[in-house]
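What follows is the content of query_38.pdb (PDB, C-alpha atoms).
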```pdb
ATOM      1  CA  MET A   1      10.475 -33.101  -4.527
ATOM      2  CA  PHE A   2      13.030 -31.272  -2.457
ATOM      3  CA  VAL A   3      10.647 -28.781  -0.862
ATOM      4  CA  GLY A   4       8.503 -30.241   1.862
ATOM      5  CA  GLY A   5       7.470 -30.165   5.489
ATOM      6  CA  LYS A   6       7.474 -26.800   7.160
ATOM      7  CA  SER A   7       8.917 -24.900   4.225
ATOM      8  CA  LYS A   8       6.177 -26.238   1.972
ATOM      9  CA  GLY A   9       3.504 -24.790   4.257
ATOM     10  CA  VAL A  10       5.315 -21.490   4.418
ATOM     11  CA  LEU A  11       5.502 -21.346   0.651
ATOM     12  CA  ALA A  12       1.835 -22.174   0.213
ATOM     13  CA  SER A  13       0.889 -19.207   2.356
ATOM     14  CA  ILE A  14       2.635 -16.764   0.079
ATOM     15  CA  ASP A  15       1.666 -18.500  -3.124
ATOM     16  CA  ASP A  16      -1.157 -16.087  -3.789
ATOM     17  CA  VAL A  17      -0.754 -12.370  -4.300
ATOM     18  CA  ARG A  18      -3.950 -11.850  -2.305
ATOM     19  CA  ILE A  19      -2.146 -13.022   0.814
ATOM     20  CA  VAL A  20       0.634 -10.497   0.342
ATOM     21  CA  SER A  21      -1.890  -7.800  -0.466
ATOM     22  CA  PHE A  22      -3.732  -8.544   2.757
ATOM     23  CA  GLN A  23      -0.461  -8.437   4.689
ATOM     24  CA  LEU A  24       0.227  -5.022   3.220
ATOM     25  CA  LEU A  25      -3.181  -3.835   4.338
ATOM     26  CA  TYR A  26      -2.447  -5.064   7.833
ATOM     27  CA  LEU A  27       0.917  -3.321   7.723
ATOM     28  CA  ALA A  28      -0.843  -0.107   6.717
ATOM     29  CA  TYR A  29      -2.864  -0.349   9.919
ATOM     30  CA  THR A  30       0.297  -1.127  11.811
ATOM     31  CA  PHE A  31       1.702   2.042  10.288
ATOM     32  CA  ARG A  32      -1.209   3.993  11.758
ATOM     33  CA  VAL A  33      -0.710   2.412  15.140
ATOM     34  CA  VAL A  34       3.038   2.986  15.258
ATOM     35  CA  THR A  35       2.615   6.565  14.105
ATOM     36  CA  ALA A  36      -0.051   7.247  16.720
ATOM     37  CA  VAL A  37       2.103   5.749  19.440
ATOM     38  CA  THR A  38       5.466   7.208  18.516
ATOM     39  CA  MET A  39       4.164  10.674  17.718
ATOM     40  CA  ARG A  40       1.986  10.807  20.812
ATOM     41  CA  SER A  41       4.636  12.722  22.708
ATOM     42  CA  VAL A  42       4.622  15.419  20.056
ATOM     43  CA  LEU A  43       0.877  15.535  19.797
ATOM     44  CA  ASP A  44       0.029  15.324  23.484
ATOM     45  CA  GLY A  45       3.265  16.344  25.104
ATOM     46  CA  CYS A  46       3.157  13.250  27.297
ATOM     47  CA  ASP A  47       6.145  11.595  28.884
ATOM     48  CA  LEU A  48       7.989   9.130  26.709
ATOM     49  CA  SER A  49       9.173   7.017  29.603
ATOM     50  CA  GLU A  50       7.915   3.472  29.799
ATOM     51  CA  THR A  51       5.534   4.090  32.653
ATOM     52  CA  GLU A  52       2.499   1.975  33.242
ATOM     53  CA  ALA A  53       0.224   4.839  32.251
ATOM     54  CA  VAL A  54       1.917   5.289  28.909
ATOM     55  CA  THR A  55       1.792   1.569  28.243
ATOM     56  CA  LYS A  56      -1.932   1.506  29.010
ATOM     57  CA  THR A  57      -2.530   4.410  26.681
ATOM     58  CA  ARG A  58      -0.570   2.676  23.967
ATOM     59  CA  ASN A  59      -2.549  -0.513  24.364
ATOM     60  CA  ALA A  60      -5.790   1.434  24.239
ATOM     61  CA  SER A  61      -4.674   3.098  21.013
ATOM     62  CA  ALA A  62      -3.770  -0.273  19.559
ATOM     63  CA  GLU A  63      -7.133  -1.755  20.558
ATOM     64  CA  ALA A  64      -8.962   1.145  18.925
ATOM     65  CA  GLU A  65      -6.995   0.640  15.755
ATOM     66  CA  ILE A  66      -7.723  -3.091  15.800
ATOM     67  CA  ASP A  67     -11.456  -2.354  16.031
ATOM     68  CA  ALA A  68     -11.212   0.112  13.144
ATOM     69  CA  PHE A  69      -9.299  -2.489  11.156
ATOM     70  CA  ARG A  70     -11.936  -5.158  11.738
ATOM     71  CA  SER A  71     -14.847  -2.931  10.805
ATOM     72  CA  SER A  72     -13.053  -1.729   7.674
ATOM     73  CA  LEU A  73     -12.405  -5.308   6.631
ATOM     74  CA  VAL A  74     -16.056  -6.196   7.090
ATOM     75  CA  THR A  75     -17.028  -3.144   5.064
ATOM     76  CA  MET A  76     -14.639  -4.101   2.295
ATOM     77  CA  ILE A  77     -15.688  -7.750   2.150
ATOM     78  CA  THR A  78     -19.415  -7.100   2.314
ATOM     79  CA  GLY A  79     -19.204  -4.090   0.021
ATOM     80  CA  ASN A  80     -21.148  -1.880   2.422
ATOM     81  CA  GLY A  81     -19.250   1.322   2.433
TER      82      GLY A  81
ATOM     83  CA  MET B   1     -23.258  26.753  -9.301
ATOM     84  CA  ILE B   2     -21.643  24.281 -11.636
ATOM     85  CA  PRO B   3     -23.819  21.187 -12.171
ATOM     86  CA  LYS B   4     -22.292  17.801 -11.477
ATOM     87  CA  ALA B   5     -22.850  14.985 -13.949
ATOM     88  CA  ALA B   6     -24.797  12.118 -12.408
ATOM     89  CA  GLY B   7     -22.438   9.577 -10.896
ATOM     90  CA  HIS B   8     -19.332  11.276 -12.247
ATOM     91  CA  ASP B   9     -16.970  14.042 -11.364
ATOM     92  CA  VAL B  10     -17.332  17.241 -13.306
ATOM     93  CA  PRO B  11     -16.315  16.546 -16.911
ATOM     94  CA  TRP B  12     -13.197  18.717 -16.927
ATOM     95  CA  GLU B  13     -11.871  17.441 -13.640
ATOM     96  CA  ALA B  14      -8.654  15.461 -13.969
ATOM     97  CA  HIS B  15      -6.876  13.215 -11.486
ATOM     98  CA  ARG B  16      -3.378  11.883 -11.459
ATOM     99  CA  HIS B  17      -3.356   8.137 -11.101
ATOM    100  CA  ASP B  18      -0.623   5.980  -9.726
ATOM    101  CA  PHE B  19       0.908   3.239 -11.839
ATOM    102  CA  ASP B  20      -0.848   0.468  -9.939
ATOM    103  CA  GLU B  21      -4.202   1.925 -11.010
ATOM    104  CA  LEU B  22      -3.346   1.734 -14.691
ATOM    105  CA  GLU B  23      -3.017  -0.801 -17.427
ATOM    106  CA  LEU B  24      -1.056  -0.072 -20.526
ATOM    107  CA  ILE B  25      -2.469  -0.452 -24.015
ATOM    108  CA  GLY B  26      -1.059   0.647 -27.342
ATOM    109  CA  ASP B  27       0.768  -0.426 -30.453
ATOM    110  CA  ASP B  28       4.299  -0.003 -31.763
ATOM    111  CA  MET B  29       3.847   3.786 -32.025
ATOM    112  CA  PHE B  30       2.273   4.731 -28.689
ATOM    113  CA  THR B  31       1.415   3.523 -25.218
ATOM    114  CA  LEU B  32      -1.543   4.669 -23.135
ATOM    115  CA  GLY B  33      -2.474   4.126 -19.520
ATOM    116  CA  VAL B  34      -6.121   3.304 -18.853
ATOM    117  CA  PRO B  35      -7.776   2.679 -15.466
ATOM    118  CA  THR B  36      -7.594  -0.971 -14.477
ATOM    119  CA  ASP B  37     -11.361  -1.134 -14.024
ATOM    120  CA  SER B  38     -12.174   0.503 -17.352
ATOM    121  CA  SER B  39     -14.494  -1.263 -19.762
ATOM    122  CA  ALA B  40     -13.450  -2.764 -23.071
ATOM    123  CA  GLU B  41     -15.500  -0.090 -24.837
ATOM    124  CA  PHE B  42     -13.698   2.721 -23.031
ATOM    125  CA  ARG B  43     -10.330   1.231 -24.019
ATOM    126  CA  LYS B  44     -11.420   0.918 -27.591
ATOM    127  CA  TYR B  45     -12.441   4.582 -27.804
ATOM    128  CA  VAL B  46      -9.246   5.805 -26.139
ATOM    129  CA  PHE B  47      -7.166   3.613 -28.409
ATOM    130  CA  ALA B  48      -9.071   4.902 -31.433
ATOM    131  CA  ALA B  49      -8.486   8.517 -30.381
ATOM    132  CA  ALA B  50      -4.759   7.964 -30.092
ATOM    133  CA  LYS B  51      -4.699   6.054 -33.338
ATOM    134  CA  THR B  52      -6.529   8.933 -35.045
ATOM    135  CA  VAL B  53      -3.902  11.434 -33.915
ATOM    136  CA  MET B  54      -1.016   9.157 -34.832
ATOM    137  CA  MET B  55      -2.468   8.609 -38.306
ATOM    138  CA  ASP B  56      -2.887  12.354 -38.741
ATOM    139  CA  ASN B  57      -6.598  11.927 -39.117
ATOM    140  CA  ARG B  58      -9.337  14.066 -37.579
ATOM    141  CA  SER B  59     -12.246  11.686 -37.174
ATOM    142  CA  VAL B  60     -12.222   9.144 -34.386
ATOM    143  CA  ASP B  61     -15.485   7.707 -35.686
ATOM    144  CA  HIS B  62     -13.929   7.189 -39.085
ATOM    145  CA  ILE B  63     -10.958   5.330 -37.628
ATOM    146  CA  LEU B  64     -13.258   3.258 -35.431
ATOM    147  CA  LYS B  65     -15.390   2.320 -38.414
ATOM    148  CA  LEU B  66     -12.352   1.365 -40.466
ATOM    149  CA  TYR B  67     -10.349  -0.591 -37.898
ATOM    150  CA  GLY B  68     -12.523  -1.017 -34.818
ATOM    151  CA  ASP B  69     -13.521  -4.581 -35.604
ATOM    152  CA  HIS B  70      -9.870  -5.627 -35.604
ATOM    153  CA  TRP B  71      -9.221  -4.436 -32.063
ATOM    154  CA  SER B  72     -10.214  -6.470 -29.077
ATOM    155  CA  PHE B  73      -9.742  -5.188 -25.556
ATOM    156  CA  GLN B  74     -10.531  -7.639 -22.819
ATOM    157  CA  SER B  75     -11.370  -6.347 -19.389
ATOM    158  CA  THR B  76      -8.799  -7.868 -17.052
ATOM    159  CA  SER B  77     -11.016  -7.839 -13.981
ATOM    160  CA  SER B  78     -11.391 -11.071 -12.069
ATOM    161  CA  PRO B  79     -12.691 -11.661  -8.541
ATOM    162  CA  GLY B  80      -9.166 -12.246  -7.231
ATOM    163  CA  LEU B  81      -7.720  -9.206  -8.930
ATOM    164  CA  THR B  82     -10.620  -7.047  -7.854
ATOM    165  CA  LEU B  83      -9.999  -8.014  -4.247
ATOM    166  CA  VAL B  84      -6.291  -7.233  -4.551
ATOM    167  CA  ARG B  85      -7.108  -3.842  -6.032
ATOM    168  CA  ALA B  86      -9.654  -3.111  -3.314
ATOM    169  CA  MET B  87      -7.135  -3.997  -0.616
ATOM    170  CA  SER B  88      -4.499  -1.906  -2.366
ATOM    171  CA  GLN B  89      -6.814   1.090  -2.427
ATOM    172  CA  MET B  90      -7.451   0.731   1.289
ATOM    173  CA  THR B  91      -3.752   0.319   1.984
ATOM    174  CA  LYS B  92      -2.950   3.472   0.045
ATOM    175  CA  ARG B  93      -5.719   5.420   1.714
ATOM    176  CA  HIS B  94      -4.458   4.598   5.192
ATOM    177  CA  VAL B  95      -0.874   5.348   4.276
ATOM    178  CA  ARG B  96      -1.933   8.645   2.716
ATOM    179  CA  GLU B  97      -3.941   9.665   5.784
ATOM    180  CA  THR B  98      -1.230   8.648   8.212
ATOM    181  CA  THR B  99       1.449  10.439   6.241
ATOM    182  CA  ALA B 100      -0.684  13.579   6.070
ATOM    183  CA  ARG B 101      -1.208  13.438   9.819
ATOM    184  CA  MET B 102       2.534  13.188  10.356
ATOM    185  CA  SER B 103       3.351  15.921   7.872
ATOM    186  CA  ASN B 104       1.276  18.354   9.897
ATOM    187  CA  ILE B 105       3.393  17.826  12.985
ATOM    188  CA  ASP B 106       5.860  20.579  13.684
ATOM    189  CA  ALA B 107       8.937  19.181  15.330
ATOM    190  CA  PRO B 108       9.120  20.757  18.759
ATOM    191  CA  GLY B 109      12.302  22.519  19.720
ATOM    192  CA  GLY B 110      14.664  20.211  21.511
ATOM    193  CA  ALA B 111      12.968  17.015  20.330
ATOM    194  CA  ALA B 112      14.948  13.908  21.122
ATOM    195  CA  PRO B 113      17.122  12.556  18.284
ATOM    196  CA  GLY B 114      15.276   9.245  18.446
ATOM    197  CA  LEU B 115      11.940  10.927  17.875
ATOM    198  CA  ILE B 116      13.241  12.875  14.893
ATOM    199  CA  ALA B 117      14.737   9.717  13.381
ATOM    200  CA  ALA B 118      11.505   7.786  13.932
ATOM    201  CA  HIS B 119       9.531  10.564  12.278
ATOM    202  CA  ALA B 120      11.822  10.508   9.257
ATOM    203  CA  ALA B 121      11.710   6.709   8.995
ATOM    204  CA  LEU B 122       7.919   6.649   9.175
ATOM    205  CA  LEU B 123       7.553   9.378   6.567
ATOM    206  CA  ARG B 124       9.871   7.432   4.303
ATOM    207  CA  LEU B 125       7.554   4.428   4.438
ATOM    208  CA  GLN B 126       5.050   5.927   2.020
ATOM    209  CA  SER B 127       7.466   5.154  -0.816
ATOM    210  CA  SER B 128       7.900   1.579   0.360
ATOM    211  CA  PHE B 129       4.135   1.071   0.511
ATOM    212  CA  ARG B 130       3.803   2.550  -2.952
ATOM    213  CA  GLY B 131       6.353   0.095  -4.319
ATOM    214  CA  ALA B 132       4.803  -2.887  -2.562
ATOM    215  CA  VAL B 133       1.302  -2.074  -3.798
ATOM    216  CA  LEU B 134       2.613  -1.725  -7.330
ATOM    217  CA  MET B 135       4.311  -5.123  -7.075
ATOM    218  CA  CYS B 136       1.067  -6.678  -5.833
ATOM    219  CA  CYS B 137      -0.955  -5.204  -8.673
ATOM    220  CA  LEU B 138       1.607  -6.537 -11.130
ATOM    221  CA  GLY B 139       1.253  -9.983  -9.555
ATOM    222  CA  LEU B 140       4.866 -10.006  -8.363
ATOM    223  CA  ARG B 141       4.155 -11.557  -4.983
ATOM    224  CA  PHE B 142       7.702 -12.408  -3.904
ATOM    225  CA  GLU B 143       8.934  -8.915  -4.703
ATOM    226  CA  ALA B 144       5.967  -7.475  -2.798
ATOM    227  CA  ALA B 145       6.800  -9.742   0.150
ATOM    228  CA  VAL B 146      10.388  -8.484   0.193
ATOM    229  CA  ILE B 147       9.203  -4.874   0.441
ATOM    230  CA  ALA B 148       6.620  -5.885   3.058
ATOM    231  CA  ARG B 149       9.457  -7.241   5.145
ATOM    232  CA  LEU B 150      11.318  -3.964   4.771
ATOM    233  CA  ILE B 151       8.210  -2.062   5.862
ATOM    234  CA  LEU B 152       7.732  -4.256   8.917
ATOM    235  CA  GLU B 153      11.317  -3.817  10.058
ATOM    236  CA  GLN B 154      11.240  -0.057   9.529
ATOM    237  CA  LEU B 155       8.017   0.217  11.513
ATOM    238  CA  ALA B 156       9.519  -1.833  14.324
ATOM    239  CA  TRP B 157      12.713   0.216  14.267
ATOM    240  CA  ALA B 158      10.826   3.515  14.462
ATOM    241  CA  TYR B 159       8.785   2.179  17.375
ATOM    242  CA  VAL B 160      11.819   0.984  19.305
ATOM    243  CA  ILE B 161      14.033   4.040  18.839
ATOM    244  CA  HIS B 162      11.503   6.848  19.159
ATOM    245  CA  GLY B 163      12.286   7.360  22.821
ATOM    246  CA  PHE B 164      16.066   7.460  22.441
ATOM    247  CA  GLN B 165      17.513  10.639  23.892
ATOM    248  CA  ASP B 166      20.855  10.325  22.096
ATOM    249  CA  MET B 167      22.318   9.035  18.848
ATOM    250  CA  ALA B 168      22.570   5.444  20.081
ATOM    251  CA  PHE B 169      19.705   4.511  17.779
ATOM    252  CA  VAL B 170      22.147   4.188  14.879
ATOM    253  CA  GLU B 171      23.391   0.993  16.524
ATOM    254  CA  VAL B 172      19.923  -0.571  16.646
ATOM    255  CA  ALA B 173      19.386  -3.171  13.928
ATOM    256  CA  PRO B 174      15.870  -3.119  12.412
ATOM    257  CA  THR B 175      15.861  -6.908  12.219
ATOM    258  CA  LYS B 176      16.107  -7.104  16.017
ATOM    259  CA  CYS B 177      13.135  -4.819  16.694
ATOM    260  CA  VAL B 178      10.174  -6.810  15.402
ATOM    261  CA  SER B 179       9.495  -8.701  18.631
ATOM    262  CA  ARG B 180       9.116  -5.387  20.491
ATOM    263  CA  LEU B 181       6.535  -4.257  17.979
ATOM    264  CA  GLN B 182       4.696  -7.568  18.266
ATOM    265  CA  ALA B 183       4.235  -6.909  21.968
ATOM    266  CA  LEU B 184       2.356  -3.721  21.104
ATOM    267  CA  TRP B 185       0.492  -4.885  18.038
ATOM    268  CA  PRO B 186      -0.211  -8.616  17.976
ATOM    269  CA  GLY B 187      -0.991 -10.328  14.733
ATOM    270  CA  ILE B 188       1.667  -8.651  12.668
ATOM    271  CA  PRO B 189       1.892 -10.640   9.450
ATOM    272  CA  ASP B 190       4.758 -13.078   9.318
ATOM    273  CA  VAL B 191       6.506 -11.704   6.278
ATOM    274  CA  ARG B 192      10.009 -12.382   7.449
ATOM    275  CA  GLY B 193      12.122 -15.044   5.881
ATOM    276  CA  ARG B 194       9.522 -16.375   3.497
ATOM    277  CA  GLN B 195      11.058 -15.037   0.356
ATOM    278  CA  ILE B 196      14.376 -16.491   1.448
ATOM    279  CA  GLN B 197      13.015 -19.919   2.291
ATOM    280  CA  GLY B 198      10.751 -19.824  -0.699
ATOM    281  CA  ARG B 199      11.096 -20.806  -4.263
ATOM    282  CA  ALA B 200      11.315 -17.225  -5.476
ATOM    283  CA  CYS B 201      14.362 -18.087  -7.529
ATOM    284  CA  ILE B 202      12.564 -20.713  -9.589
ATOM    285  CA  TYR B 203       8.907 -19.692  -9.507
ATOM    286  CA  ARG B 204       7.441 -16.653 -11.145
TER     287      ARG B 204
END
```
Encoded form using structure tokens:
Amino acid sequence: MFVGGKSKGVLASIDDVRIVSFQLLYLAYTFRVVTAVTMRSVLDGCDLSETEAVTKTRNASAEAEIDAFRSSLVTMITGNG
Amino acid sequence: MIPKAAGHDVPWEAHRHDFDELELIGDDMFTLGVPTDSSAEFRKYVFAAAKTVMMDNRSVDHILKLYGDHWSFQSTSSPGLTLVRAMSQMTKRHVRETTARMSNIDAPGGAAPGLIAAHAALLRLQSSFRGAVLMCCLGLRFEAAVIARLILEQLAWAYVIHGFQDMAFVEVAPTKCVSRLQALWPGIPDVRGRQIQGRACIYR
């Protein structure tokens, strides 16, 4: 056995296509978040500079997306949708 | 008013399906794509219809009666696969919606080069997601993980460079941007490095 320790744990986590599929789903939400944040200046005409206000707005957007992600997951798992 | 069949779309309505939503059936003369969640009976009828045409016959029922007992079509659904397909559908839906939202944006005059590049990189991601979902549905997890890594780095790159006011973004390496994205969006899946450390070269 030449694979062990840390690498063995890493391998186990990817050993199921469901894990990768879930990661892709999470990345799809990340896609939404990044798009909302990066395109905000075009949509809202707000300043792109890293001001505190912009950072707060970004975090709020991210939090909203996290909530949407959680509720969608629950819907998917419980089949209520 | 055109009536709608109960529980179904109108009979003549047709949709284009992506490859990850299909399974291929056929023989040495033809290949057909059927929905992954289709029943064994549906597959049998579709197969019989194609067989009828290929044999220059006109009666599907006749072909079914003659050969139907020799064909067996197993439904490939399993709890694990069903979950993967459900997640894939959700992934595609979000990518489709996000891409549509972006496509509606008119680039303002004088937009910063970084913003234009980020927009292009994000639009490009729909193809990467499409490939990754297809790999997942084919059960090719290491290949899917490789594309997932590409997606993550492109997302991070677009996030980091979108405020650049000049062309300096071409010097920014996507691999160096992920930590910045993690600060914004915690819990990003750790897809980096696994396929390299893994046994992808010896395990299917």
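Interface residues on chain A toward chain B (cut-off 6 Å, all atoms listed in the file): Leu11, Val17, Arg18, Gln23, Leu25, Ala28 and Arg32 of chain A.
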Could you please take those selected residues and save C-alpha atoms as a PDB file, in the coordinates of the input?
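As a result, again.pdb now contains:
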```pdb
ATOM      1  CA  LEU A  11       5.502 -21.346   0.651  1.00  0.00           C
ATOM      2  CA  VAL A  17      -0.754 -12.370  -4.300  1.00  0.00           C
ATOM      3  CA  ARG A  18      -3.950 -11.850  -2.305  1.00  0.00           C
ATOM      4  CA  GLN A  23      -0.461  -8.437   4.689  1.00  0.00           C
ATOM      5  CA  LEU A  25      -3.181  -3.835   4.338  1.00  0.00           C
ATOM      6  CA  ALA A  28      -0.843  -0.107   6.717  1.00  0.00           C
ATOM      7  CA  ARG A  32      -1.209   3.993  11.758  1.00  0.00           C
TER       8      ARG A  32
END
```
For the file shown, what are the residues hit by the PyMOL selection byres ((chain B and resi 57-74) around 12), laid out as a ChimeraX atom specification?
/B:23-27,34,36-56,75-78
With all atoms of segment 166-171 of chain B from the file as input, state the centre and edge lengths in Å to one decimal of the axis-aligned box that has 5 Å extra on each side, as lines of an AutoDock Vina configuration file.
```
center_x = 21.5
center_y = 5.7
center_z = 18.5
size_x = 13.7
size_y = 19.3
size_z = 17.2
```
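Taking atom CA of Phe169 of chain B and atom CA of Val37 of chain A as endpoints, the distance between them is 17.7 Å.
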By how many Å are atom CA of Leu24 of chain A and atom CA of Trp157 of chain B apart?
17.5 Å
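Going from atom CA of Leu27 of chain A to atom CA of Pro113 of chain B covers 25.0 Å.
Distances here use all atoms listed in the file; by that measure, the residue among B:Ala173, B:Ala100, B:Leu134, B:Ala112 closest to Leu22 of chain B is B:Leu134.
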